[in-house]
Each structure stands twice: as structure tokens, then as C-alpha cells.
$ cat run03.pdb   # PDB, C-alpha atoms and all ligand atoms
ATOM      1  CA  MET A   1       7.285  42.071  -4.997
ATOM      2  CA  ASN A   2       5.727  39.210  -6.922
ATOM      3  CA  TRP A   3       4.701  36.736  -4.153
ATOM      4  CA  THR A   4       2.559  33.848  -5.402
ATOM      5  CA  LYS A   5       0.472  31.690  -3.044
ATOM      6  CA  VAL A   6       1.553  28.056  -3.344
ATOM      7  CA  ARG A   7      -1.678  26.642  -1.922
ATOM      8  CA  GLU A   8      -4.504  27.638   0.422
ATOM      9  CA  PHE A   9      -4.060  27.057   4.164
ATOM     10  CA  GLU A  10      -6.285  28.138   7.065
ATOM     11  CA  GLU A  11      -3.781  29.280   9.692
ATOM     12  CA  ILE A  12      -0.713  30.186   7.654
ATOM     13  CA  VAL A  13       0.049  31.836   4.323
ATOM     14  CA  TYR A  14       2.580  30.023   2.125
ATOM     15  CA  GLU A  15       4.083  31.880  -0.839
ATOM     16  CA  LYS A  16       7.032  31.822  -3.216
ATOM     17  CA  LEU A  17       8.805  34.672  -4.913
ATOM     18  CA  GLU A  18       8.558  33.492  -8.499
ATOM     19  CA  GLY A  19      11.870  32.680 -10.190
ATOM     20  CA  GLU A  20      13.947  33.675  -7.144
ATOM     21  CA  GLY A  21      14.111  30.468  -5.075
ATOM     22  CA  ILE A  22      12.661  32.226  -2.017
ATOM     23  CA  ALA A  23       9.656  30.912  -0.066
ATOM     24  CA  ARG A  24       7.783  32.605   2.790
ATOM     25  CA  VAL A  25       5.721  31.041   5.576
ATOM     26  CA  THR A  26       3.533  33.511   7.495
ATOM     27  CA  ILE A  27       1.772  32.471  10.722
ATOM     28  CA  ASN A  28      -1.699  33.938  10.340
ATOM     29  CA  ARG A  29      -3.551  34.026  13.685
ATOM     30  CA  PRO A  30      -3.359  37.748  14.478
ATOM     31  CA  HIS A  31      -6.269  37.617  16.983
ATOM     32  CA  ARG A  32      -4.035  35.421  19.215
ATOM     33  CA  ARG A  33      -0.697  37.166  18.595
ATOM     34  CA  ASN A  34       0.022  34.377  16.060
ATOM     35  CA  ALA A  35       0.029  31.709  18.797
ATOM     36  CA  PHE A  36       0.016  28.278  17.151
ATOM     37  CA  THR A  37      -2.333  25.298  17.419
ATOM     38  CA  PRO A  38      -1.429  21.739  16.325
ATOM     39  CA  ASP A  39      -3.257  22.575  13.084
ATOM     40  CA  THR A  40      -1.133  25.696  12.507
ATOM     41  CA  VAL A  41       1.947  23.560  13.093
ATOM     42  CA  ALA A  42       0.719  20.788  10.757
ATOM     43  CA  GLU A  43       0.245  23.412   8.034
ATOM     44  CA  MET A  44       3.731  24.810   8.685
ATOM     45  CA  ILE A  45       5.203  21.312   8.457
ATOM     46  CA  ALA A  46       3.432  20.863   5.092
ATOM     47  CA  ALA A  47       4.767  24.193   3.799
ATOM     48  CA  PHE A  48       8.332  23.618   5.024
ATOM     49  CA  THR A  49       8.261  20.101   3.556
ATOM     50  CA  ASP A  50       7.241  21.565   0.187
ATOM     51  CA  ALA A  51      10.106  24.080   0.405
ATOM     52  CA  ARG A  52      12.525  21.340   1.371
ATOM     53  CA  GLU A  53      11.474  19.117  -1.545
ATOM     54  CA  ASP A  54      11.472  21.913  -4.162
ATOM     55  CA  PRO A  55      14.985  21.973  -5.718
ATOM     56  CA  SER A  56      14.479  25.564  -6.856
ATOM     57  CA  VAL A  57      14.023  26.853  -3.275
ATOM     58  CA  GLY A  58      17.143  27.810  -1.308
ATOM     59  CA  VAL A  59      15.819  30.152   1.382
ATOM     60  CA  VAL A  60      12.637  30.158   3.469
ATOM     61  CA  LEU A  61      11.478  33.249   5.363
ATOM     62  CA  LEU A  62       9.405  32.579   8.508
ATOM     63  CA  THR A  63       7.315  35.469   9.764
ATOM     64  CA  GLY A  64       4.027  36.502  11.404
ATOM     65  CA  ALA A  65       0.963  38.261   9.944
ATOM     66  CA  ASN A  66       1.128  41.925  10.944
ATOM     67  CA  PRO A  67      -0.024  44.350  12.120
ATOM     68  CA  GLN A  68      -2.456  42.563  14.420
ATOM     69  CA  THR A  69      -6.198  43.251  14.785
ATOM     70  CA  ASP A  70      -5.432  45.929  17.435
ATOM     71  CA  GLY A  71      -2.498  47.467  15.528
ATOM     72  CA  LYS A  72       0.208  45.715  17.596
ATOM     73  CA  TYR A  73       2.789  43.299  16.140
ATOM     74  CA  ALA A  74       3.693  39.661  16.846
ATOM     75  CA  PHE A  75       5.956  37.064  15.262
ATOM     76  CA  CYS A  76       4.450  34.284  17.400
ATOM     77  CA  ALA A  77       3.260  34.035  21.036
ATOM     78  CA  GLY A  78       3.968  30.286  21.278
ATOM     79  CA  GLY A  79       1.440  27.523  21.848
ATOM     80  CA  ASP A  80      -2.204  28.612  22.062
ATOM     81  CA  GLN A  81      -2.850  28.274  25.803
ATOM     82  CA  LYS A  82      -6.604  28.307  25.252
ATOM     83  CA  ILE A  83      -6.467  24.897  23.560
ATOM     84  CA  ARG A  84      -3.787  23.324  25.743
ATOM     85  CA  GLY A  85      -5.746  20.437  27.219
ATOM     86  CA  HIS A  86      -6.552  20.213  30.937
ATOM     87  CA  GLN A  87      -3.903  17.874  32.362
ATOM     88  CA  ALA A  88      -3.448  16.568  28.802
ATOM     89  CA  GLY A  89      -0.159  15.783  27.085
ATOM     90  CA  GLY A  90      -0.255  18.752  24.749
ATOM     91  CA  TYR A  91      -2.282  21.145  22.630
ATOM     92  CA  GLN A  92      -5.572  19.939  21.154
ATOM     93  CA  GLY A  93      -6.410  20.866  17.587
ATOM     94  CA  LYS A  94      -9.431  19.987  15.491
ATOM     95  CA  ASP A  95      -9.100  16.232  16.093
ATOM     96  CA  GLY A  96      -8.930  16.692  19.878
ATOM     97  CA  VAL A  97      -5.707  14.649  20.198
ATOM     98  CA  PRO A  98      -3.150  16.319  22.523
ATOM     99  CA  ARG A  99       0.258  16.776  20.909
ATOM    100  CA  LEU A 100       3.484  18.835  20.969
ATOM    101  CA  ASN A 101       4.032  18.713  17.213
ATOM    102  CA  VAL A 102       6.003  21.967  17.205
ATOM    103  CA  LEU A 103       8.961  19.759  18.191
ATOM    104  CA  ASP A 104       8.696  18.052  14.772
ATOM    105  CA  LEU A 105       8.620  21.467  13.093
ATOM    106  CA  GLN A 106      11.735  22.563  15.018
ATOM    107  CA  LYS A 107      13.594  19.450  13.800
ATOM    108  CA  LEU A 108      12.473  20.050  10.204
ATOM    109  CA  ILE A 109      13.612  23.691  10.205
ATOM    110  CA  ARG A 110      16.901  22.722  11.739
ATOM    111  CA  SER A 111      17.726  19.782   9.490
ATOM    112  CA  MET A 112      16.377  20.943   6.114
ATOM    113  CA  PRO A 113      19.274  21.701   3.741
ATOM    114  CA  LYS A 114      17.997  25.193   2.988
ATOM    115  CA  VAL A 115      18.512  28.452   4.881
ATOM    116  CA  VAL A 116      15.614  29.481   7.141
ATOM    117  CA  ILE A 117      15.454  33.136   8.191
ATOM    118  CA  ALA A 118      13.089  34.329  10.943
ATOM    119  CA  LEU A 119      11.697  37.826  10.378
ATOM    120  CA  VAL A 120      10.547  38.978  13.806
ATOM    121  CA  ALA A 121       8.265  41.974  14.314
ATOM    122  CA  GLY A 122       6.676  42.389  17.756
ATOM    123  CA  TYR A 123       6.446  39.478  20.167
ATOM    124  CA  ALA A 124       8.521  36.311  19.809
ATOM    125  CA  ILE A 125       7.449  34.679  23.058
ATOM    126  CA  GLY A 126       7.441  31.137  24.528
ATOM    127  CA  GLY A 127       7.317  28.508  21.795
ATOM    128  CA  GLY A 128       7.349  31.411  19.321
ATOM    129  CA  HIS A 129      10.701  32.466  20.686
ATOM    130  CA  VAL A 130      12.021  28.924  20.266
ATOM    131  CA  LEU A 131      10.893  28.974  16.624
ATOM    132  CA  HIS A 132      13.171  31.920  15.830
ATOM    133  CA  VAL A 133      16.000  30.322  17.867
ATOM    134  CA  VAL A 134      15.997  27.209  15.656
ATOM    135  CA  CYS A 135      16.090  29.245  12.434
ATOM    136  CA  ASP A 136      19.502  29.736  10.793
ATOM    137  CA  LEU A 137      19.286  33.527  10.990
ATOM    138  CA  THR A 138      17.014  36.108  12.634
ATOM    139  CA  ILE A 139      16.325  39.624  11.436
ATOM    140  CA  ALA A 140      14.438  41.676  14.018
ATOM    141  CA  ALA A 141      12.252  44.730  13.545
ATOM    142  CA  ASP A 142      12.993  47.588  15.922
ATOM    143  CA  ASN A 143       9.714  46.780  17.744
ATOM    144  CA  ALA A 144      10.627  43.122  18.375
ATOM    145  CA  VAL A 145      10.238  41.693  21.885
ATOM    146  CA  PHE A 146      11.857  38.400  22.867
ATOM    147  CA  GLY A 147      11.303  36.130  25.856
ATOM    148  CA  GLN A 148      10.334  32.790  27.375
ATOM    149  CA  THR A 149       7.304  32.391  29.639
ATOM    150  CA  GLY A 150       7.356  28.635  30.361
ATOM    151  CA  PRO A 151       7.933  28.667  34.138
ATOM    152  CA  ARG A 152       5.190  31.316  34.451
ATOM    153  CA  VAL A 153       2.547  29.498  32.392
ATOM    154  CA  GLY A 154       3.376  25.920  33.401
ATOM    155  CA  SER A 155       5.612  24.775  30.569
ATOM    156  CA  PHE A 156       9.242  24.547  29.468
ATOM    157  CA  ASP A 157      11.216  23.555  26.366
ATOM    158  CA  GLY A 158      14.267  21.624  27.545
ATOM    159  CA  GLY A 159      15.310  20.774  23.984
ATOM    160  CA  PHE A 160      16.587  23.258  21.399
ATOM    161  CA  GLY A 161      14.669  25.969  23.283
ATOM    162  CA  SER A 162      17.101  25.834  26.186
ATOM    163  CA  SER A 163      20.243  23.882  25.204
ATOM    164  CA  TYR A 164      20.649  25.443  21.755
ATOM    165  CA  LEU A 165      19.664  28.859  23.136
ATOM    166  CA  ALA A 166      22.568  28.495  25.592
ATOM    167  CA  ARG A 167      24.923  27.783  22.675
ATOM    168  CA  ILE A 168      23.822  31.089  21.149
ATOM    169  CA  VAL A 169      23.720  33.467  24.130
ATOM    170  CA  GLY A 170      25.805  31.539  26.696
ATOM    171  CA  GLN A 171      24.766  29.548  29.760
ATOM    172  CA  LYS A 172      24.296  32.463  32.171
ATOM    173  CA  LYS A 173      22.091  34.472  29.804
ATOM    174  CA  ALA A 174      20.023  31.433  28.753
ATOM    175  CA  ARG A 175      19.359  30.594  32.403
ATOM    176  CA  GLU A 176      18.372  34.225  33.056
ATOM    177  CA  ILE A 177      15.970  34.168  30.087
ATOM    178  CA  TRP A 178      14.240  30.997  31.326
ATOM    179  CA  TYR A 179      14.347  31.475  35.107
ATOM    180  CA  LEU A 180      13.190  35.133  35.173
ATOM    181  CA  CYS A 181      10.818  35.126  32.151
ATOM    182  CA  ARG A 182      11.743  38.730  31.318
ATOM    183  CA  GLN A 183      11.217  40.410  27.962
ATOM    184  CA  TYR A 184      14.105  41.804  25.880
ATOM    185  CA  ASN A 185      13.950  44.439  23.167
ATOM    186  CA  ALA A 186      15.569  44.221  19.730
ATOM    187  CA  GLN A 187      18.757  46.053  20.734
ATOM    188  CA  GLN A 188      19.239  43.804  23.784
ATOM    189  CA  ALA A 189      18.704  40.774  21.549
ATOM    190  CA  LEU A 190      21.309  42.084  19.102
ATOM    191  CA  ASP A 191      23.769  42.742  21.948
ATOM    192  CA  MET A 192      23.484  39.145  23.199
ATOM    193  CA  GLY A 193      23.898  37.643  19.709
ATOM    194  CA  LEU A 194      20.311  36.370  19.626
ATOM    195  CA  VAL A 195      19.569  38.143  16.310
ATOM    196  CA  ASN A 196      21.668  39.053  13.274
ATOM    197  CA  GLU A 197      20.350  42.517  12.521
ATOM    198  CA  VAL A 198      17.748  45.089  13.600
ATOM    199  CA  VAL A 199      15.857  47.145  11.019
ATOM    200  CA  PRO A 200      12.892  49.561  11.111
ATOM    201  CA  VAL A 201       9.652  47.545  11.180
ATOM    202  CA  GLY A 202       8.547  48.874   7.786
ATOM    203  CA  GLN A 203      11.690  47.444   6.173
ATOM    204  CA  LEU A 204      11.613  43.977   7.739
ATOM    205  CA  GLN A 205      10.177  41.976   4.832
ATOM    206  CA  GLU A 206      12.346  43.791   2.264
ATOM    207  CA  GLU A 207      15.449  43.193   4.361
ATOM    208  CA  GLY A 208      14.608  39.477   4.596
ATOM    209  CA  VAL A 209      14.329  39.257   0.811
ATOM    210  CA  LYS A 210      17.624  41.168   0.461
ATOM    211  CA  TRP A 211      19.439  38.641   2.668
ATOM    212  CA  ALA A 212      17.748  35.744   0.851
ATOM    213  CA  ARG A 213      18.797  37.119  -2.548
ATOM    214  CA  GLU A 214      22.414  37.396  -1.376
ATOM    215  CA  ILE A 215      22.347  33.786  -0.156
ATOM    216  CA  MET A 216      20.789  32.627  -3.448
ATOM    217  CA  GLN A 217      23.882  33.872  -5.298
ATOM    218  CA  HIS A 218      26.038  31.325  -3.469
ATOM    219  CA  SER A 219      26.752  27.622  -3.900
ATOM    220  CA  PRO A 220      23.819  25.400  -2.784
ATOM    221  CA  LEU A 221      26.143  22.500  -1.916
ATOM    222  CA  ALA A 222      28.530  24.682   0.093
ATOM    223  CA  ILE A 223      25.647  26.093   2.132
ATOM    224  CA  ARG A 224      24.074  22.656   2.581
ATOM    225  CA  LEU A 225      27.378  21.283   3.911
ATOM    226  CA  LEU A 226      27.946  24.293   6.155
ATOM    227  CA  LYS A 227      24.480  23.961   7.703
ATOM    228  CA  SER A 228      25.022  20.283   8.468
ATOM    229  CA  ALA A 229      28.511  21.029   9.829
ATOM    230  CA  PHE A 230      27.136  23.706  12.196
ATOM    231  CA  ASN A 231      24.426  21.253  13.302
ATOM    232  CA  ALA A 232      26.870  18.351  13.742
ATOM    233  CA  ASP A 233      28.785  20.346  16.338
ATOM    234  CA  VAL A 234      25.675  20.556  18.526
ATOM    235  CA  ASP A 235      23.233  17.809  17.600
ATOM    236  CA  GLY A 236      25.068  14.595  18.534
ATOM    237  CA  GLN A 237      24.342  11.514  16.402
ATOM    238  CA  GLN A 238      21.464  13.274  14.621
ATOM    239  CA  GLY A 239      23.897  16.011  13.556
ATOM    240  CA  LEU A 240      26.469  13.442  12.436
ATOM    241  CA  GLN A 241      23.778  11.624  10.453
ATOM    242  CA  GLU A 242      23.015  14.836   8.530
ATOM    243  CA  LEU A 243      26.686  15.525   7.835
ATOM    244  CA  ALA A 244      27.364  11.908   6.862
ATOM    245  CA  GLY A 245      24.268  11.863   4.646
ATOM    246  CA  ASN A 246      25.773  14.758   2.742
ATOM    247  CA  ALA A 247      29.059  12.856   2.388
ATOM    248  CA  THR A 248      27.079   9.980   0.834
ATOM    249  CA  LEU A 249      25.260  12.407  -1.484
ATOM    250  CA  LEU A 250      28.623  13.760  -2.686
ATOM    251  CA  TYR A 251      30.069  10.229  -3.060
ATOM    252  CA  TYR A 252      27.119   9.235  -5.276
ATOM    253  CA  LEU A 253      28.046  12.155  -7.532
ATOM    254  CA  THR A 254      31.554  10.744  -8.164
ATOM    255  CA  GLU A 255      32.698   8.232 -10.801
ATOM    256  CA  GLN A 256      34.044   6.057  -7.966
ATOM    257  CA  GLY A 257      30.665   5.892  -6.254
ATOM    258  CA  ASP A 258      28.959   5.138  -9.539
ATOM    259  CA  GLU A 259      31.374   2.318 -10.414
ATOM    260  CA  GLY A 260      29.972   0.175  -7.572
ATOM    261  CA  ARG A 261      26.390   0.753  -8.683
ATOM    262  CA  ARG A 262      27.150   0.138 -12.383
ATOM    263  CA  ALA A 263      29.079  -3.066 -11.645
ATOM    264  CA  TYR A 264      26.108  -4.412  -9.662
ATOM    265  CA  VAL A 265      23.611  -3.556 -12.412
ATOM    266  CA  GLU A 266      25.961  -4.989 -15.133
ATOM    267  CA  LYS A 267      26.499  -8.186 -13.059
ATOM    268  CA  ARG A 268      30.321  -7.831 -13.049
ATOM    269  CA  ALA A 269      33.018  -7.307 -10.391
ATOM    270  CA  PRO A 270      33.615  -3.611  -9.596
ATOM    271  CA  ASP A 271      36.942  -2.147 -10.720
ATOM    272  CA  PHE A 272      38.033   0.270  -8.007
ATOM    273  CA  ARG A 273      41.749  -0.112  -8.859
ATOM    274  CA  LYS A 274      41.668   2.884 -11.219
ATOM    275  CA  PHE A 275      40.864   5.232  -8.328
ATOM    276  CA  PRO A 276      43.676   6.773  -6.218
ATOM    277  CA  TRP A 277      44.054   6.436  -2.448
ATOM    278  CA  LEU A 278      44.574  10.165  -1.923
ATOM    279  CA  PRO A 279      46.901  11.356   0.861
TER     280      PRO A 279
HETATM  281  C1  LIG B 301       2.530  37.858  23.722
HETATM  282  C2  LIG B 301       2.026  38.764  24.850
HETATM  283  C3  LIG B 301       3.193  39.232  25.707
HETATM  284  C4  LIG B 301       1.341  39.975  24.186
HETATM  285  O1  LIG B 301       0.772  40.809  25.179
HETATM  286  P1  LIG B 301      -0.282  41.924  24.743
HETATM  287  O2  LIG B 301      -0.665  42.649  25.992
HETATM  288  O3  LIG B 301       0.227  42.719  23.601
HETATM  289  O4  LIG B 301      -1.519  41.129  24.150
HETATM  290  P2  LIG B 301      -2.637  40.287  24.906
HETATM  291  O5  LIG B 301      -2.049  39.484  25.992
HETATM  292  O6  LIG B 301      -3.786  41.163  25.213
HETATM  293  O7  LIG B 301      -3.034  39.258  23.725
HETATM  294  C5  LIG B 301      -3.928  39.601  22.678
HETATM  295  C6  LIG B 301      -4.847  38.421  22.459
HETATM  296  O8  LIG B 301      -4.066  37.296  22.076
HETATM  297  C7  LIG B 301      -4.262  36.230  22.976
HETATM  298  N1  LIG B 301      -3.024  35.477  23.117
HETATM  299  C8  LIG B 301      -1.768  35.934  23.138
HETATM  300  N2  LIG B 301      -0.901  34.936  23.292
HETATM  301  C9  LIG B 301      -1.610  33.814  23.387
HETATM  302  C10 LIG B 301      -1.293  32.433  23.569
HETATM  303  N3  LIG B 301      -0.006  31.989  23.637
HETATM  304  N4  LIG B 301      -2.297  31.552  23.629
HETATM  305  C11 LIG B 301      -3.573  31.948  23.507
HETATM  306  N5  LIG B 301      -3.973  33.240  23.339
HETATM  307  C12 LIG B 301      -2.997  34.141  23.281
HETATM  308  C13 LIG B 301      -4.664  36.891  24.279
HETATM  309  O9  LIG B 301      -5.347  36.006  25.113
HETATM  310  C14 LIG B 301      -5.544  38.040  23.758
HETATM  311  O10 LIG B 301      -6.798  37.541  23.353
HETATM  312  P3  LIG B 301      -8.117  37.783  24.267
HETATM  313  O11 LIG B 301      -9.260  37.311  23.411
HETATM  314  O12 LIG B 301      -7.921  36.930  25.488
HETATM  315  O13 LIG B 301      -8.151  39.249  24.587
HETATM  316  C15 LIG B 301       0.993  38.044  25.727
HETATM  317  O14 LIG B 301      -0.166  37.810  24.963
HETATM  318  C16 LIG B 301       1.473  36.739  26.286
HETATM  319  O15 LIG B 301       2.250  36.702  27.206
HETATM  320  N6  LIG B 301       0.977  35.639  25.707
HETATM  321  C17 LIG B 301       1.232  34.296  26.225
HETATM  322  C18 LIG B 301       2.612  33.819  25.821
HETATM  323  C19 LIG B 301       2.818  32.409  26.321
HETATM  324  O16 LIG B 301       2.876  32.169  27.498
HETATM  325  N7  LIG B 301       2.925  31.439  25.398
HETATM  326  C20 LIG B 301       2.991  30.044  25.686
HETATM  327  C21 LIG B 301       4.364  29.561  26.196
HETATM  328  S1  LIG B 301       4.505  27.807  26.323
HETATM  329  C22 LIG B 301       4.741  27.371  24.664
HETATM  330  O17 LIG B 301       4.596  28.176  23.794
HETATM  331  C23 LIG B 301       5.116  25.970  24.311
HETATM  332  C24 LIG B 301       4.534  25.418  23.184
HETATM  333  C25 LIG B 301       4.866  24.137  22.789
HETATM  334  O18 LIG B 301       4.265  23.612  21.731
HETATM  335  C26 LIG B 301       5.841  23.378  23.495
HETATM  336  C27 LIG B 301       6.226  22.098  23.092
HETATM  337  C28 LIG B 301       7.172  21.394  23.797
HETATM  338  C29 LIG B 301       7.757  21.932  24.915
HETATM  339  C30 LIG B 301       7.408  23.195  25.346
HETATM  340  C31 LIG B 301       6.431  23.942  24.630
HETATM  341  C32 LIG B 301       6.052  25.258  25.024
HETATM  342  O19 LIG B 301       6.584  25.786  26.152
END

$ encode --input "run03.pdb" --output "C-alpha cells" --more "lines below"
Ligand SMILES: CC(C)(COP(=O)(O)OP(=O)(O)OC[C@H]1O[C@@H](n2cnc3c(N)ncnc32)[C@H](O)[C@@H]1OP(=O)(O)O)[C@@H](O)C(=O)NCCC(=O)NCCSC(=O)c1cc(O)c2ccccc2c1O
Amino acid sequence: MNWTKVREFEEIVYEKLEGEGIARVTINRPHRRNAFTPDTVAEMIAAFTDAREDPSVGVVLLTGANPQTDGKYAFCAGGDQKIRGHQAGGYQGKDGVPRLNVLDLQKLIRSMPKVVIALVAGYAIGGGHVLHVVCDLTIAADNAVFGQTGPRVGSFDGGFGSSYLARIVGQKKAREIWYLCRQYNAQQALDMGLVNEVVPVGQLQEEGVKWAREIMQHSPLAIRLLKSAFNADVDGQQGLQELAGNATLLYYLTEQGDEGRRAYVEKRAPDFRKFPWLP
């Protein structure tokens, strides 16, 4: 497949499949099971922002560099515990400032009007598990392992990582996942509705592209509106803002919406009488 690097990053790889509208973000810290630092997250935010702003991109694949240095696999093992500051308010990257900027990345993935598909091989653990949860779809390799570790390592994600997880797998299962910190294999994840499909690990990337190509055949506006409608059901005023923003976008595309703008620019009264009050 003809993947082209969009630009150089240090802790991720960001590519596009030329002429297909598909982008891929790969977390590239295999010596730490692809655990993220604030710098990894800042790079991911930059890549996802590029994909969001590029009108030719409709689908973004999120994955981890594999196999790892010891031959094992990981999607992402969450925040890098070795740089989580001592009694500090977050993870410390190159500038030494403690932050939890993965929360900004979660919001971006969730609200961007493109489809984000997590391709999970090996461990999706802690904050890495939450990353796949906030993606629109998840395809798992048959060696995938899912779980939260927060209460064991002195952390928790009470946002999308717990409340949205409960919307996906149900309250009882979500509480089990967080309170017991167990690990679940790909089949168990499929059974609880946590992933969309399980494929052999060697086919994971191809399968992701296959799903992306199918999505790319469909209407961008319909998918944009569906994503914001799914979010609006769960995300309160933020979700309504996304849905309403799309209503405004559509209104701007109409003659009626344009009449108000034109009248202002032409310094005349708008004529809305020609438009029907539909039932
Ligand atoms: C993922 C594992 C289950 C894999 O186990 P395995 O035995 O295969 O591998 P090793 O344990 O030997 O790991 C190999 C190598 O990688 C290092 N490593 C792995 N994960 C991390 C990590 N998260 N941070 C730092 N380093 C990591 C490991 O130390 C080894 O290197 P050595 O040089 O030491 O040999 C297992 O690795 C594992 O359980 N990892 C920890 C998973 C974890 O607890 N993650 C953090 C959860 S908390 C979190 O992610 C989090 C982040 C946020 O930003 C939040 C923001 C807001 C709210 C909440 C947040 C949050 O909870």
C-alpha cells in the first residue's frame, strides 16, 4: 500500500494513503509498549488536527508500532508512568510542565467530523484503553488484550474512560473493568461489544484500510451528521453544540441562509417571504 509520510514526528508516525482520503496515526514508542508522554500526545493532536482540517480525509486509523522490541505487541499502555511527576498534576514531557493533555486528544477524536478507527494489536491498557474507547470503531487483532489499571497504579479516568465505557459495555461490566483491573482477550472484548471485529494479527492493518475504503464510498455529510447525533445523545451541551453546529453549516448552504448574508452585504432589507414555512 502506498502510505506517504505527511511530516516527521519523534514519537508517532503520521501518514496518508495517497488519493484515498485515509490517514494513519501510529504511536511509536515500542520500548515502552507505546505508552504516551505529553510530547507523544502533542504530536498526536497535531496529526489529528491536520486530518480534521484536510477536506480530502474522511477516515483516520489509530494504531501502535508493532511488533515491539521484544517481539510482543501493544496498541498503547497508557500514560508513561516513568515520567508521571512525583505528587505532580500530570505527566512531564520535555518542558517539565505536568499535564493530562490526553484529555484534549480524546475530545478531538470524539468531536472531529471524520471517522476514527482504532486498530488494536496487543495491549490496550489504562489510558491506551481509553483511547480506543473514544474512537468511533475498533478492530482488534486476535492477540489484543484490553483493560484498565488505574486503581492499581494510582490513577483513574472518570470522564469518557468510565462513563462512555459504561454506555458501550453496560454499567455492571464497566464497573468490573475498573474495580478489578483484569485483562480481557479479543473474543471477550467482542462478546461485550467493546470492539467491532477480531481478525488475525497479520491482517489488522489491511482490514482497517478495507473498512476505511467502505466508509469513503459513503456521503461525508451523512456520516458527519450521524457522528454528531451519536455524540449528542451522550455528551450533553457539548454534544448538542456539535449537532447544532452542523445544522448551521447546512443552513449556510441553503439559498435562505445566504439571503440574510447577501442582504447585509448589499445594504438592503432581507426578503425571506419567498421561502416556505414547511410543515
Ligand atoms: C502493558 C503491560 C501489561 C505489558 O506487560 P508486559 O509484561 O508485556 O511488558 P512489560 O511490563 O515488561 O513492559 C515492557 C517495557 O515497557 C515499559 N512500560 C510498559 N507500560 C508502561 C507505562 N505505561 N509507562 C512506562 N513504561 C511502561 C515497562 O516498564 C518495560 O520497560 P522496562 O525498561 O521497565 O523493562 C504492562 O507493561 C503494564 O501493565 N504497563 C502499565 C500500564 C499502566 O498502568 N498504564 C498507566 C495507566 S494510567 C493512564 O494511562 C492515564 C493516563 C492519563 O493521561 C490520564 C489522564 C487523565 C485521567 C486519567 C489518566 C490515566 O489513568

$ closest_residue --input "run03.pdb" --among "A:Thr63, A:Ser219, A:Gln241, A:Thr69" --to "ligand LIG 301 (chain B)" --atoms "all atoms listed in the file"
A:Thr69

$ atom_distance --input "run03.pdb" --atom1 "CA of Ile45 in chain A" --atom2 "atom O14 of ligand LIG 301 (chain B)"
23.9 Å

$ residues_around --input "run03.pdb" --residues "Gln183 in chain A" --least-positions-apart "3" --cutoff "8 Å" --atoms "only C-alpha atoms" --output "MDAnalysis selection string"
chainID A and resid 145:148

$ residues_around --input "run03.pdb" --residues "range 2-5 of chain A" --least-positions-apart "5" --cutoff "10 Å" --atoms "only C-alpha atoms" --output "mmCIF file with C-alpha atoms, in the frame of the given file"
data_model
loop_
_atom_site.group_PDB
_atom_site.id
_atom_site.type_symbol
_atom_site.label_atom_id
_atom_site.label_comp_id
_atom_site.auth_asym_id
_atom_site.auth_seq_id
_atom_site.Cartn_x
_atom_site.Cartn_y
_atom_site.Cartn_z
ATOM 1 C CA VAL A 13 0.049 31.836 4.323
ATOM 2 C CA TYR A 14 2.580 30.023 2.125
ATOM 3 C CA GLU A 15 4.083 31.880 -0.839
ATOM 4 C CA LYS A 16 7.032 31.822 -3.216
ATOM 5 C CA LEU A 17 8.805 34.672 -4.913
ATOM 6 C CA GLU A 18 8.558 33.492 -8.499
ATOM 7 C CA GLY A 19 11.870 32.680 -10.190
ATOM 8 C CA GLU A 20 13.947 33.675 -7.144
ATOM 9 C CA ILE A 22 12.661 32.226 -2.017
ATOM 10 C CA ALA A 23 9.656 30.912 -0.066
ATOM 11 C CA ARG A 24 7.783 32.605 2.790
#

$ resolve_selection --input "run03.pdb" --expression "the PyMOL selection byres (((not hetatm)) within 8 of (chain B and resi 301))" --output "count of residues only"
42

$ residues_around --input "run03.pdb" --residues "Leu250 in chain A" --least-positions-apart "6" --cutoff "10 Å" --atoms "only C-alpha atoms" --output "VMD selection string"
chain A and resid 221 244 257

$ residues_around --input "run03.pdb" --residues "Ala212 in chain A" --least-positions-apart "5" --cutoff "10 Å" --atoms "only C-alpha atoms" --output "JSON, numbers by chain"
{"A": [20, 21, 22, 23, 58, 59, 60, 61, 115, 116, 117, 206, 207, 217]}

$ closest_residue --input "run03.pdb" --among "A:Ala65, A:Val169, A:Ala269, A:Val41" --to "Leu131 in chain A" --atoms "only C-alpha atoms"
A:Val41

$ atom_distance --input "run03.pdb" --atom1 "CA of Val6 in chain A" --atom2 "CA of Asp50 in chain A"
9.3 Å

$ residues_around --input "run03.pdb" --residues "Asp142 in chain A" --least-positions-apart "4" --cutoff "8 Å" --atoms "all atoms listed in the file" --output "list in words"
Ala121, Asn185, Ala186, Gln187, Val198, Val199, Pro200 and Val201 of chain A

$ closest_residue --input "run03.pdb" --among "A:Asn28, A:Asn246, A:Ser162, A:Ser56" --to "Val133 in chain A" --atoms "all atoms listed in the file"
A:Ser162

$ axis_aligned_box --input "run03.pdb" --around "range 56-71 of chain A" --padding-each-side "4 Å" --output "lines of an AutoDock Vina configuration file"
center_x = 5.5
center_y = 36.5
center_z = 5.3
size_x = 31.3
size_y = 29.9
size_z = 32.3

$ closest_residue --input "run03.pdb" --among "A:Ser163, A:Arg52, A:Lys114, A:Gly122" --to "Ala222 in chain A" --atoms "only C-alpha atoms"
A:Lys114

$ resolve_selection --input "run03.pdb" --expression "the PyMOL selection byres (((chain A and resi 42) around 12) and not hetatm)" --output "PyMOL selection string"
chain A and resi 9-12+27+36-41+43-49+93-94+99-106+108
